[in-house]
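Colleague: File name start.cif; file contents mmCIF, C-alpha atoms; chains and numbers go by the auth columns; full text below.
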```cif
data_input
loop_
_atom_site.group_PDB
_atom_site.id
_atom_site.type_symbol
_atom_site.label_atom_id
_atom_site.label_comp_id
_atom_site.label_asym_id
_atom_site.label_seq_id
_atom_site.Cartn_x
_atom_site.Cartn_y
_atom_site.Cartn_z
_atom_site.B_iso_or_equiv
_atom_site.auth_seq_id
_atom_site.auth_asym_id
ATOM 1 C CA MET A 1 -173.923 63.555 2.200 0.00 221 A
ATOM 2 C CA THR A 2 -176.236 65.742 4.212 0.00 222 A
ATOM 3 C CA ILE A 3 -174.961 68.179 6.788 0.00 223 A
ATOM 4 C CA ASP A 4 -177.512 69.186 9.394 0.00 224 A
ATOM 5 C CA VAL A 5 -178.035 72.715 10.571 0.00 225 A
ATOM 6 C CA VAL A 6 -178.713 72.434 14.292 0.00 226 A
ATOM 7 C CA ASN A 7 -180.977 75.079 15.797 0.00 227 A
ATOM 8 C CA LEU A 8 -180.345 75.438 19.522 0.00 228 A
ATOM 9 C CA THR A 9 -183.794 76.818 20.369 0.00 229 A
ATOM 10 C CA GLU A 10 -185.434 73.943 18.554 0.00 230 A
ATOM 11 C CA LYS A 11 -183.242 71.397 20.308 0.00 231 A
ATOM 12 C CA PHE A 12 -183.890 72.901 23.747 0.00 232 A
ATOM 13 C CA SER A 13 -187.637 72.708 23.058 0.00 233 A
ATOM 14 C CA LEU A 14 -187.235 68.927 22.898 0.00 234 A
ATOM 15 C CA VAL A 15 -185.637 68.692 26.340 0.00 235 A
ATOM 16 C CA ASN A 16 -188.252 67.945 28.993 0.00 236 A
ATOM 17 C CA GLU A 17 -186.222 66.915 32.012 0.00 237 A
ATOM 18 C CA LEU A 18 -183.798 68.908 34.131 0.00 238 A
ATOM 19 C CA TRP A 19 -180.187 67.717 34.430 0.00 239 A
ATOM 20 C CA ASP A 20 -180.657 65.358 31.494 0.00 240 A
ATOM 21 C CA PRO A 21 -177.977 66.180 28.911 0.00 241 A
ATOM 22 C CA LYS A 22 -178.641 65.386 25.259 0.00 242 A
ATOM 23 C CA ILE A 23 -176.126 65.217 22.423 0.00 243 A
ATOM 24 C CA ILE A 24 -176.760 67.585 19.508 0.00 244 A
ATOM 25 C CA ALA A 25 -173.522 67.368 17.512 0.00 245 A
ATOM 26 C CA GLN A 26 -170.268 65.444 17.211 0.00 246 A
ATOM 27 C CA LEU A 27 -166.900 66.992 16.341 0.00 247 A
ATOM 28 C CA ASN A 28 -164.294 64.259 15.851 0.00 248 A
ATOM 29 C CA ASP A 29 -164.521 62.398 19.178 0.00 249 A
ATOM 30 C CA TYR A 30 -166.123 65.305 21.050 0.00 250 A
ATOM 31 C CA HIS A 31 -169.793 65.800 21.807 0.00 251 A
ATOM 32 C CA PHE A 32 -171.791 69.002 21.970 0.00 252 A
ATOM 33 C CA LYS A 33 -174.499 68.496 24.573 0.00 253 A
ATOM 34 C CA ILE A 34 -177.351 70.658 25.795 0.00 254 A
ATOM 35 C CA ALA A 35 -179.140 70.570 29.124 0.00 255 A
ATOM 36 C CA LYS A 36 -181.773 72.439 31.056 0.00 256 A
ATOM 37 C CA ILE A 37 -180.812 72.823 34.684 0.00 257 A
ATOM 38 C CA GLN A 38 -182.294 74.295 37.835 0.00 258 A
ATOM 39 C CA GLY A 39 -181.274 73.814 41.445 0.00 259 A
ATOM 40 C CA GLU A 40 -178.010 72.269 42.530 0.00 260 A
ATOM 41 C CA PHE A 41 -176.071 69.439 40.942 0.00 261 A
ATOM 42 C CA ILE A 42 -173.463 67.427 42.856 0.00 262 A
ATOM 43 C CA TRP A 43 -169.775 68.014 43.446 0.00 263 A
ATOM 44 C CA HIS A 44 -167.663 66.123 40.932 0.00 264 A
ATOM 45 C CA SER A 45 -164.677 66.400 38.657 0.00 265 A
ATOM 46 C CA HIS A 46 -163.504 64.889 35.397 0.00 266 A
ATOM 47 C CA PRO A 47 -159.944 63.674 35.992 0.00 267 A
ATOM 48 C CA GLU A 48 -159.383 62.956 32.309 0.00 268 A
ATOM 49 C CA THR A 49 -160.747 66.019 30.561 0.00 269 A
ATOM 50 C CA ASP A 50 -161.505 69.734 30.551 0.00 270 A
ATOM 51 C CA GLU A 51 -165.154 70.705 30.097 0.00 271 A
ATOM 52 C CA VAL A 52 -166.691 73.757 28.444 0.00 272 A
ATOM 53 C CA PHE A 53 -169.923 75.342 29.678 0.00 273 A
ATOM 54 C CA LEU A 54 -171.644 77.959 27.497 0.00 274 A
ATOM 55 C CA VAL A 55 -174.828 79.594 28.749 0.00 275 A
ATOM 56 C CA VAL A 56 -177.433 79.916 26.002 0.00 276 A
ATOM 57 C CA GLU A 57 -180.246 81.282 28.171 0.00 277 A
ATOM 58 C CA GLY A 58 -180.480 82.177 31.838 0.00 278 A
ATOM 59 C CA SER A 59 -177.867 82.338 34.578 0.00 279 A
ATOM 60 C CA LEU A 60 -175.468 79.613 35.644 0.00 280 A
ATOM 61 C CA ILE A 61 -173.500 79.342 38.847 0.00 281 A
ATOM 62 C CA ILE A 62 -170.527 77.004 38.944 0.00 282 A
ATOM 63 C CA HIS A 63 -169.419 76.445 42.491 0.00 283 A
ATOM 64 C CA LEU A 64 -165.723 75.697 42.862 0.00 284 A
ATOM 65 C CA ARG A 65 -164.029 74.858 46.144 0.00 285 A
ATOM 66 C CA GLU A 66 -162.457 78.298 46.404 0.00 286 A
ATOM 67 C CA GLU A 67 -164.759 80.560 44.403 0.00 287 A
ATOM 68 C CA ASP A 68 -168.044 80.699 42.523 0.00 288 A
ATOM 69 C CA LEU A 69 -168.329 81.471 38.825 0.00 289 A
ATOM 70 C CA TYR A 70 -171.361 83.383 37.575 0.00 290 A
ATOM 71 C CA LEU A 71 -172.191 83.046 33.895 0.00 291 A
ATOM 72 C CA GLN A 72 -174.931 84.784 31.945 0.00 292 A
ATOM 73 C CA ALA A 73 -176.219 84.024 28.456 0.00 293 A
ATOM 74 C CA GLY A 74 -173.405 84.471 25.955 0.00 294 A
ATOM 75 C CA GLU A 75 -170.696 83.571 28.454 0.00 295 A
ATOM 76 C CA LEU A 76 -168.560 80.451 28.657 0.00 296 A
ATOM 77 C CA CYS A 77 -165.878 78.949 30.842 0.00 297 A
ATOM 78 C CA VAL A 78 -163.533 75.987 30.760 0.00 298 A
ATOM 79 C CA ILE A 79 -163.415 73.817 33.872 0.00 299 A
ATOM 80 C CA PRO A 80 -159.962 72.208 33.779 0.00 300 A
ATOM 81 C CA ARG A 81 -159.597 68.489 34.222 0.00 301 A
ATOM 82 C CA GLY A 82 -159.577 67.380 37.813 0.00 302 A
ATOM 83 C CA VAL A 83 -161.141 70.547 39.196 0.00 303 A
ATOM 84 C CA GLU A 84 -164.090 69.887 41.477 0.00 304 A
ATOM 85 C CA HIS A 85 -167.180 71.820 40.509 0.00 305 A
ATOM 86 C CA LYS A 86 -170.903 71.898 41.238 0.00 306 A
ATOM 87 C CA PRO A 87 -173.155 73.536 38.630 0.00 307 A
ATOM 88 C CA ALA A 88 -176.295 75.269 39.887 0.00 308 A
ATOM 89 C CA ALA A 89 -179.000 77.624 38.687 0.00 309 A
ATOM 90 C CA GLU A 90 -181.702 79.500 40.558 0.00 310 A
ATOM 91 C CA GLN A 91 -184.034 79.624 37.563 0.00 311 A
ATOM 92 C CA VAL A 92 -184.181 77.252 34.607 0.00 312 A
ATOM 93 C CA CYS A 93 -180.987 77.742 32.642 0.00 313 A
ATOM 94 C CA GLN A 94 -180.099 76.403 29.194 0.00 314 A
ATOM 95 C CA ILE A 95 -176.492 75.344 28.746 0.00 315 A
ATOM 96 C CA LEU A 96 -174.306 73.963 25.988 0.00 316 A
ATOM 97 C CA MET A 97 -171.446 71.694 27.041 0.00 317 A
ATOM 98 C CA VAL A 98 -168.504 70.479 24.974 0.00 318 A
ATOM 99 C CA GLU A 99 -166.464 67.493 26.098 0.00 319 A
ATOM 100 C CA PRO A 100 -165.096 64.175 24.820 0.00 320 A
ATOM 101 C CA ALA A 101 -167.686 61.597 23.851 0.00 321 A
ATOM 102 C CA GLY A 102 -168.324 59.294 26.769 0.00 322 A
ATOM 103 C CA THR A 103 -167.737 61.913 29.449 0.00 323 A
ATOM 104 C CA ILE A 104 -170.124 61.132 32.297 0.00 324 A
ATOM 105 C CA ASN A 105 -172.203 63.951 33.771 0.00 325 A
ATOM 106 C CA THR A 106 -171.279 63.074 37.357 0.00 326 A
ATOM 107 C CA GLY A 107 -167.598 62.489 36.561 0.00 327 A
ATOM 108 C CA ASP A 108 -165.717 60.729 39.326 0.00 328 A
ATOM 109 C CA ALA A 109 -168.550 61.105 41.828 0.00 329 A
ATOM 110 C CA GLY A 110 -171.049 58.681 40.322 0.00 330 A
ATOM 111 C CA GLY A 111 -174.314 58.188 42.172 0.00 331 A
ATOM 112 C CA GLU A 112 -177.982 58.281 41.342 0.00 332 A
ATOM 113 C CA ARG A 113 -177.813 61.346 39.128 0.00 333 A
ATOM 114 C CA THR A 114 -175.443 59.624 36.709 0.00 334 A
ATOM 115 C CA ILE A 115 -176.670 59.324 33.124 0.00 335 A
ATOM 116 C CA SER A 116 -174.537 56.654 31.529 0.00 336 A
ATOM 117 C CA ASN A 117 -175.999 56.553 28.047 0.00 337 A
ATOM 118 C CA THR A 118 -176.503 60.106 26.956 0.00 338 A
ATOM 119 C CA ALA A 119 -178.962 60.185 24.061 0.00 339 A
ATOM 120 C CA TRP A 120 -178.956 62.223 20.871 0.00 340 A
ATOM 121 C CA ILE A 121 -181.786 64.627 20.380 0.00 341 A
ATOM 122 C CA MET B 1 -156.148 78.894 40.141 0.00 163 B
ATOM 123 C CA THR B 2 -158.362 81.361 38.365 0.00 164 B
ATOM 124 C CA ILE B 3 -160.958 80.299 35.840 0.00 165 B
ATOM 125 C CA ASP B 4 -161.999 83.014 33.432 0.00 166 B
ATOM 126 C CA VAL B 5 -165.562 83.713 32.452 0.00 167 B
ATOM 127 C CA VAL B 6 -165.426 84.574 28.753 0.00 168 B
ATOM 128 C CA ASN B 7 -168.067 86.988 27.491 0.00 169 B
ATOM 129 C CA LEU B 8 -168.617 86.553 23.767 0.00 170 B
ATOM 130 C CA THR B 9 -169.927 90.083 23.157 0.00 171 B
ATOM 131 C CA GLU B 10 -166.906 91.542 24.902 0.00 172 B
ATOM 132 C CA LYS B 11 -164.526 89.358 22.910 0.00 173 B
ATOM 133 C CA PHE B 12 -166.174 90.222 19.586 0.00 174 B
ATOM 134 C CA SER B 13 -165.807 93.922 20.449 0.00 175 B
ATOM 135 C CA LEU B 14 -162.036 93.385 20.400 0.00 176 B
ATOM 136 C CA VAL B 15 -162.027 91.954 16.880 0.00 177 B
ATOM 137 C CA ASN B 16 -161.320 94.664 14.327 0.00 178 B
ATOM 138 C CA GLU B 17 -160.514 92.762 11.159 0.00 179 B
ATOM 139 C CA LEU B 18 -162.697 90.511 9.027 0.00 180 B
ATOM 140 C CA TRP B 19 -161.651 86.867 8.501 0.00 181 B
ATOM 141 C CA ASP B 20 -159.136 87.137 11.321 0.00 182 B
ATOM 142 C CA PRO B 21 -159.923 84.352 13.809 0.00 183 B
ATOM 143 C CA LYS B 22 -158.936 84.800 17.451 0.00 184 B
ATOM 144 C CA ILE B 23 -158.722 82.160 20.147 0.00 185 B
ATOM 145 C CA ILE B 24 -160.913 82.720 23.200 0.00 186 B
ATOM 146 C CA ALA B 25 -160.724 79.376 25.025 0.00 187 B
ATOM 147 C CA GLN B 26 -158.902 76.054 25.084 0.00 188 B
ATOM 148 C CA LEU B 27 -160.523 72.693 25.862 0.00 189 B
ATOM 149 C CA ASN B 28 -157.859 69.987 26.082 0.00 190 B
ATOM 150 C CA ASP B 29 -156.150 70.323 22.675 0.00 191 B
ATOM 151 C CA TYR B 30 -159.084 72.103 21.041 0.00 192 B
ATOM 152 C CA HIS B 31 -159.486 75.817 20.484 0.00 193 B
ATOM 153 C CA PHE B 32 -162.625 77.923 20.575 0.00 194 B
ATOM 154 C CA LYS B 33 -162.154 80.747 18.089 0.00 195 B
ATOM 155 C CA ILE B 34 -164.270 83.721 17.120 0.00 196 B
ATOM 156 C CA ALA B 35 -164.276 85.679 13.885 0.00 197 B
ATOM 157 C CA LYS B 36 -166.145 88.468 12.177 0.00 198 B
ATOM 158 C CA ILE B 37 -166.743 87.695 8.535 0.00 199 B
ATOM 159 C CA GLN B 38 -168.315 89.371 5.529 0.00 200 B
ATOM 160 C CA GLY B 39 -168.049 88.522 1.854 0.00 201 B
ATOM 161 C CA GLU B 40 -166.664 85.262 0.542 0.00 202 B
ATOM 162 C CA PHE B 41 -163.829 83.168 1.892 0.00 203 B
ATOM 163 C CA ILE B 42 -162.004 80.588 -0.257 0.00 204 B
ATOM 164 C CA TRP B 43 -162.752 76.965 -0.998 0.00 205 B
ATOM 165 C CA HIS B 44 -160.821 74.667 1.311 0.00 206 B
ATOM 166 C CA SER B 45 -161.102 71.576 3.463 0.00 207 B
ATOM 167 C CA HIS B 46 -159.465 70.187 6.570 0.00 208 B
ATOM 168 C CA PRO B 47 -158.408 66.638 5.736 0.00 209 B
ATOM 169 C CA GLU B 48 -157.523 65.864 9.344 0.00 210 B
ATOM 170 C CA THR B 49 -160.460 67.235 11.318 0.00 211 B
ATOM 171 C CA ASP B 50 -164.127 68.111 11.549 0.00 212 B
ATOM 172 C CA GLU B 51 -164.942 71.768 12.235 0.00 213 B
ATOM 173 C CA VAL B 52 -167.866 73.328 14.105 0.00 214 B
ATOM 174 C CA PHE B 53 -169.389 76.663 13.125 0.00 215 B
ATOM 175 C CA LEU B 54 -171.833 78.353 15.508 0.00 216 B
ATOM 176 C CA VAL B 55 -173.412 81.647 14.498 0.00 217 B
ATOM 177 C CA VAL B 56 -173.507 84.116 17.387 0.00 218 B
ATOM 178 C CA GLU B 57 -174.880 87.074 15.425 0.00 219 B
ATOM 179 C CA GLY B 58 -175.941 87.532 11.820 0.00 220 B
ATOM 180 C CA SER B 59 -176.339 85.058 8.967 0.00 221 B
ATOM 181 C CA LEU B 60 -173.747 82.630 7.653 0.00 222 B
ATOM 182 C CA ILE B 61 -173.700 80.814 4.346 0.00 223 B
ATOM 183 C CA ILE B 62 -171.478 77.772 3.992 0.00 224 B
ATOM 184 C CA HIS B 63 -171.135 76.823 0.364 0.00 225 B
ATOM 185 C CA LEU B 64 -170.550 73.134 -0.225 0.00 226 B
ATOM 186 C CA ARG B 65 -169.920 71.572 -3.618 0.00 227 B
ATOM 187 C CA GLU B 66 -173.420 70.132 -3.779 0.00 228 B
ATOM 188 C CA GLU B 67 -175.502 72.413 -1.556 0.00 229 B
ATOM 189 C CA ASP B 68 -175.426 75.597 0.479 0.00 230 B
ATOM 190 C CA LEU B 69 -176.008 75.729 4.228 0.00 231 B
ATOM 191 C CA TYR B 70 -177.749 78.752 5.722 0.00 232 B
ATOM 192 C CA LEU B 71 -177.199 79.388 9.420 0.00 233 B
ATOM 193 C CA GLN B 72 -178.750 82.078 11.579 0.00 234 B
ATOM 194 C CA ALA B 73 -177.772 83.164 15.085 0.00 235 B
ATOM 195 C CA GLY B 74 -178.201 80.239 17.462 0.00 236 B
ATOM 196 C CA GLU B 75 -177.517 77.645 14.794 0.00 237 B
ATOM 197 C CA LEU B 76 -174.488 75.412 14.329 0.00 238 B
ATOM 198 C CA CYS B 77 -173.194 72.797 11.943 0.00 239 B
ATOM 199 C CA VAL B 78 -170.316 70.355 11.757 0.00 240 B
ATOM 200 C CA ILE B 79 -168.300 70.321 8.541 0.00 241 B
ATOM 201 C CA PRO B 80 -166.816 66.820 8.380 0.00 242 B
ATOM 202 C CA ARG B 81 -163.129 66.353 7.737 0.00 243 B
ATOM 203 C CA GLY B 82 -162.205 66.476 4.091 0.00 244 B
ATOM 204 C CA VAL B 83 -165.381 68.217 2.949 0.00 245 B
ATOM 205 C CA GLU B 84 -164.725 71.238 0.782 0.00 246 B
ATOM 206 C CA HIS B 85 -166.498 74.347 2.004 0.00 247 B
ATOM 207 C CA LYS B 86 -166.485 78.101 1.464 0.00 248 B
ATOM 208 C CA PRO B 87 -167.904 80.270 4.257 0.00 249 B
ATOM 209 C CA ALA B 88 -169.587 83.517 3.243 0.00 250 B
ATOM 210 C CA ALA B 89 -171.787 86.246 4.693 0.00 251 B
ATOM 211 C CA GLU B 90 -173.664 89.090 3.040 0.00 252 B
ATOM 212 C CA GLN B 91 -173.558 91.273 6.161 0.00 253 B
ATOM 213 C CA VAL B 92 -171.036 91.189 8.986 0.00 254 B
ATOM 214 C CA CYS B 93 -171.542 87.934 10.824 0.00 255 B
ATOM 215 C CA GLN B 94 -170.069 86.819 14.148 0.00 256 B
ATOM 216 C CA ILE B 95 -169.121 83.164 14.370 0.00 257 B
ATOM 217 C CA LEU B 96 -167.679 80.810 16.949 0.00 258 B
ATOM 218 C CA MET B 97 -165.567 77.928 15.651 0.00 259 B
ATOM 219 C CA VAL B 98 -164.358 74.839 17.503 0.00 260 B
ATOM 220 C CA GLU B 99 -161.507 72.760 16.123 0.00 261 B
ATOM 221 C CA PRO B 100 -158.182 71.223 17.168 0.00 262 B
ATOM 222 C CA ALA B 101 -155.464 73.682 18.133 0.00 263 B
ATOM 223 C CA GLY B 102 -153.296 74.388 15.134 0.00 264 B
ATOM 224 C CA THR B 103 -156.051 74.022 12.563 0.00 265 B
ATOM 225 C CA ILE B 104 -155.319 76.517 9.794 0.00 266 B
ATOM 226 C CA ASN B 105 -158.138 78.757 8.562 0.00 267 B
ATOM 227 C CA THR B 106 -157.470 77.999 4.906 0.00 268 B
ATOM 228 C CA GLY B 107 -156.969 74.264 5.492 0.00 269 B
ATOM 229 C CA ASP B 108 -155.433 72.465 2.549 0.00 270 B
ATOM 230 C CA ALA B 109 -155.810 75.433 0.216 0.00 271 B
ATOM 231 C CA GLY B 110 -153.226 77.775 1.715 0.00 272 B
ATOM 232 C CA GLY B 111 -152.727 81.096 0.005 0.00 273 B
ATOM 233 C CA GLU B 112 -152.637 84.731 1.004 0.00 274 B
ATOM 234 C CA ARG B 113 -155.597 84.532 3.369 0.00 275 B
ATOM 235 C CA THR B 114 -153.835 82.014 5.570 0.00 276 B
ATOM 236 C CA ILE B 115 -153.332 83.031 9.198 0.00 277 B
ATOM 237 C CA SER B 116 -150.659 80.743 10.549 0.00 278 B
ATOM 238 C CA ASN B 117 -150.338 82.005 14.083 0.00 279 B
ATOM 239 C CA THR B 118 -153.822 82.575 15.391 0.00 280 B
ATOM 240 C CA ALA B 119 -153.666 84.899 18.392 0.00 281 B
ATOM 241 C CA TRP B 120 -155.536 84.799 21.679 0.00 282 B
ATOM 242 C CA ILE B 121 -157.830 87.684 22.421 0.00 283 B
#
```
Show this structure as structure tokens.

Modeller:
Amino acid sequence: MTIDVVNLTEKFSLVNELWDPKIIAQLNDYHFKIAKIQGEFIWHSHPETDEVFLVVEGSLIIHLREEDLYLQAGELCVIPRGVEHKPAAEQVCQILMVEPAGTINTGDAGGERTISNTAWI
Amino acid sequence: MTIDVVNLTEKFSLVNELWDPKIIAQLNDYHFKIAKIQGEFIWHSHPETDEVFLVVEGSLIIHLREEDLYLQAGELCVIPRGVEHKPAAEQVCQILMVEPAGTINTGDAGGERTISNTAWI
């Protein structure tokens, strides 16, 4: 048995596209995913699951219907299931997400920015 | 509804004891825990769950029966369920762990270093 040590900086260096999450680890039936983001995503929610966002580098804004969350590197938040949110970043931001395997990036909203088969990196 | 932004540095500043994990976030039925560690823990495994270790600051050694894993800040690994491991650190190391709520720090080994009721911080 070999257990990999996953280096976040190395993994982020392999991500070329914005808003294109990649899986870097699996914990039971949960995935750890990384993404580089800049600009605005779309409003969506995940009716079936909470979602963790951890900022590894840069600044993340998570718009909610009634407030905005501002996260810097080394900060995380849990978006509860069913809560509408719209991630955004003014500059390129590197984030780590934790959620059940199979969770779709656009949640219940769907649309052209949906990535159905998230790849490992 | 208020969603907290959790700052890891701030949370670690509240941890006074070594090998005393504290919960900082909940994702569905999973807990995100932080701990400061130094020295050697005990051999144990978690027969029912995988466990993620992410190093936030310092250097972590995870002894396995057949190899040793060396993790620096910004690196993570997944210890599969049932795999015996013994975390260790030469200097004080700050780690983030992700595992199902109720997972006991000493797993199947028990003993005096067991912390049964992990507190939130």

Colleague: Quote the spacing between CA of Gly269 (chain B) and CA of Leu176 (chain B) in Å to one decimal place.

Modeller: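 CA of Leu176 (chain B) lies 24.8 Å from CA of Gly269 (chain B).
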
Colleague: Per residue of region 175-281 of chain B within 6 Å of region 223-228 of chain A, which atom pair is closest and at what distance in Å (one decimal), using all atoms listed in the file, listed by chain and increasing number, as CSV?

Modeller:
```
residue,atom,partner,partner_atom,distance
B:Gly236,CA,A:Leu228,CA,5.6
B:Glu237,CA,A:Asn227,CA,4.4
B:Leu238,CA,A:Val226,CA,5.2
B:Cys239,CA,A:Val225,CA,5.0
```

Colleague: Pick out the chain B residues within 9 Å of chain A. Count all atoms listed in the file. Give them as a ChimeraX atom specification.

Modeller: /B:163-171,187-190,211-214,218,228-229,231-243,260-261

Colleague: Would you list the contacts of Val177 (chain B) as a PDB file with C-alpha atoms, in the frame of the given file, taking every protein, DNA or RNA residue within 8 Å and counting all atoms listed in the file, but skipping same-chain residues closer than 5 positions in sequence?

Modeller:
```pdb
ATOM      1  CA  ASP B 182    -159.136  87.137  11.321  1.00  0.00           C
ATOM      2  CA  LYS B 184    -158.936  84.800  17.451  1.00  0.00           C
ATOM      3  CA  ALA B 197    -164.276  85.679  13.885  1.00  0.00           C
ATOM      4  CA  LYS B 198    -166.145  88.468  12.177  1.00  0.00           C
TER       5      LYS B 198
END
```

Colleague: So, counting all atoms listed in the file, which residue among B:Ile277, B:Ile185, B:Ile224, B:Ile257 is closest to Glu202 (chain B)?

Modeller: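 Going through B:Ile277, B:Ile185, B:Ile224, B:Ile257 one by one, the smallest distance to Glu202 (chain B) is for B:Ile224.
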
Colleague: Apply the PyMOL selection byres ((chain A and resi 311) around 10) to the structure shown and report the selected residues as an mmCIF file with C-alpha atoms, in the coordinates of the input.

Modeller:
```cif
data_model
loop_
_atom_site.group_PDB
_atom_site.id
_atom_site.type_symbol
_atom_site.label_atom_id
_atom_site.label_comp_id
_atom_site.auth_asym_id
_atom_site.auth_seq_id
_atom_site.Cartn_x
_atom_site.Cartn_y
_atom_site.Cartn_z
ATOM 1 C CA LYS A 256 -181.773 72.439 31.056
ATOM 2 C CA ILE A 257 -180.812 72.823 34.684
ATOM 3 C CA GLN A 258 -182.294 74.295 37.835
ATOM 4 C CA GLY A 259 -181.274 73.814 41.445
ATOM 5 C CA GLY A 278 -180.480 82.177 31.838
ATOM 6 C CA SER A 279 -177.867 82.338 34.578
ATOM 7 C CA LEU A 280 -175.468 79.613 35.644
ATOM 8 C CA ALA A 308 -176.295 75.269 39.887
ATOM 9 C CA ALA A 309 -179.000 77.624 38.687
ATOM 10 C CA GLU A 310 -181.702 79.500 40.558
ATOM 11 C CA VAL A 312 -184.181 77.252 34.607
ATOM 12 C CA CYS A 313 -180.987 77.742 32.642
ATOM 13 C CA GLN A 314 -180.099 76.403 29.194
#
```

Colleague: Could you tell me which of A:Leu238, A:Phe232, A:Phe261, A:Ile254 comes closest to Gly330 (chain A) if we count only C-alpha atoms?

Modeller: A:Phe261

Colleague: Rank nothing, just name the residue among B:Trp181, B:Lys195, B:Gly244, B:Glu219 nearest to Met259 (chain B), using all atoms listed in the file.

Modeller: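 Residue with the minimum atom-to-atom distance to Met259 (chain B): B:Lys195.
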
Colleague: Taking the file above as input, evaluate the PyMOL selection byres ((chain B and resi 204) around 10) and report the hits as a count of residues only.

Modeller: 18

Colleague: Expanded to explicit residues, what is the PyMOL selection byres ((chain A and resi 322) around 9) for this file, as a list of chain:residue names?

Modeller: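 Applied to this file, the PyMOL selection byres ((chain A and resi 322) around 9) selects A:Tyr250, A:His251, A:Glu319, A:Pro320, A:Ala321, A:Thr323, A:Ile324, A:Ser336, A:Asn337, A:Thr338.
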
Colleague: For the atom pair CA of Asp270 (chain B) and CA of Pro209 (chain B), what is the interatomic distance in Å to one decimal place?

Modeller: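 These atoms are spaced 7.3 Å apart.
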
Colleague: So how far away is CA of Lys173 (chain B) from CA of His208 (chain B), in Å?

Modeller: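 Separation of CA of His208 (chain B) and CA of Lys173 (chain B): 25.7 Å.
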
Colleague: Output as lines of an AutoDock Vina configuration file the centre and edge lengths (Å, one decimal) of the box along x, y and z of the file that holds every listed atom of region 169-182 of chain B after adding 8 Å on each side.

Modeller:
```
center_x = -164.5
center_y = 90.6
center_z = 18.0
size_x = 26.8
size_y = 24.1
size_z = 35.0
```

Colleague: I need region 182-186 of chain B written out with all heavy atoms, as a CSV table (one decimal), in the first residue's frame; please produce it.

Modeller:
```
chain,number,residue,atom,x,y,z
B,182,ASP,N,-4.4,17.8,21.8
B,182,ASP,CA,-5.7,18.1,22.3
B,182,ASP,C,-6.6,18.7,21.2
B,182,ASP,O,-6.8,19.9,21.1
B,182,ASP,CB,-5.6,19.1,23.5
B,182,ASP,CG,-6.9,19.4,24.1
B,182,ASP,OD1,-7.8,18.6,24.0
B,182,ASP,OD2,-7.0,20.5,24.8
B,183,PRO,N,-7.1,17.8,20.3
B,183,PRO,CA,-7.9,18.3,19.1
B,183,PRO,C,-9.1,19.1,19.5
B,183,PRO,O,-9.8,18.8,20.5
B,183,PRO,CB,-8.2,17.0,18.4
B,183,PRO,CG,-8.1,15.9,19.4
B,183,PRO,CD,-7.1,16.3,20.4
B,184,LYS,N,-9.4,20.1,18.7
B,184,LYS,CA,-10.6,21.0,18.9
B,184,LYS,C,-11.3,21.1,17.6
B,184,LYS,O,-10.7,21.1,16.5
B,184,LYS,CB,-10.1,22.4,19.3
B,184,LYS,CG,-9.4,22.5,20.6
B,184,LYS,CD,-10.2,22.1,21.8
B,184,LYS,CE,-9.4,22.3,23.1
B,184,LYS,NZ,-10.1,21.8,24.3
B,185,ILE,N,-12.6,21.1,17.7
B,185,ILE,CA,-13.4,21.2,16.5
B,185,ILE,C,-13.6,22.6,16.1
B,185,ILE,O,-13.9,23.5,16.9
B,185,ILE,CB,-14.8,20.6,16.7
B,185,ILE,CG1,-14.7,19.1,17.2
B,185,ILE,CG2,-15.7,20.7,15.5
B,185,ILE,CD1,-16.0,18.5,17.8
B,186,ILE,N,-13.4,22.9,14.8
B,186,ILE,CA,-13.6,24.3,14.3
B,186,ILE,C,-14.7,24.4,13.2
B,186,ILE,O,-15.1,25.5,12.9
B,186,ILE,CB,-12.3,24.9,13.7
B,186,ILE,CG1,-11.8,24.0,12.5
B,186,ILE,CG2,-11.2,24.9,14.8
B,186,ILE,CD1,-10.7,24.7,11.6
```
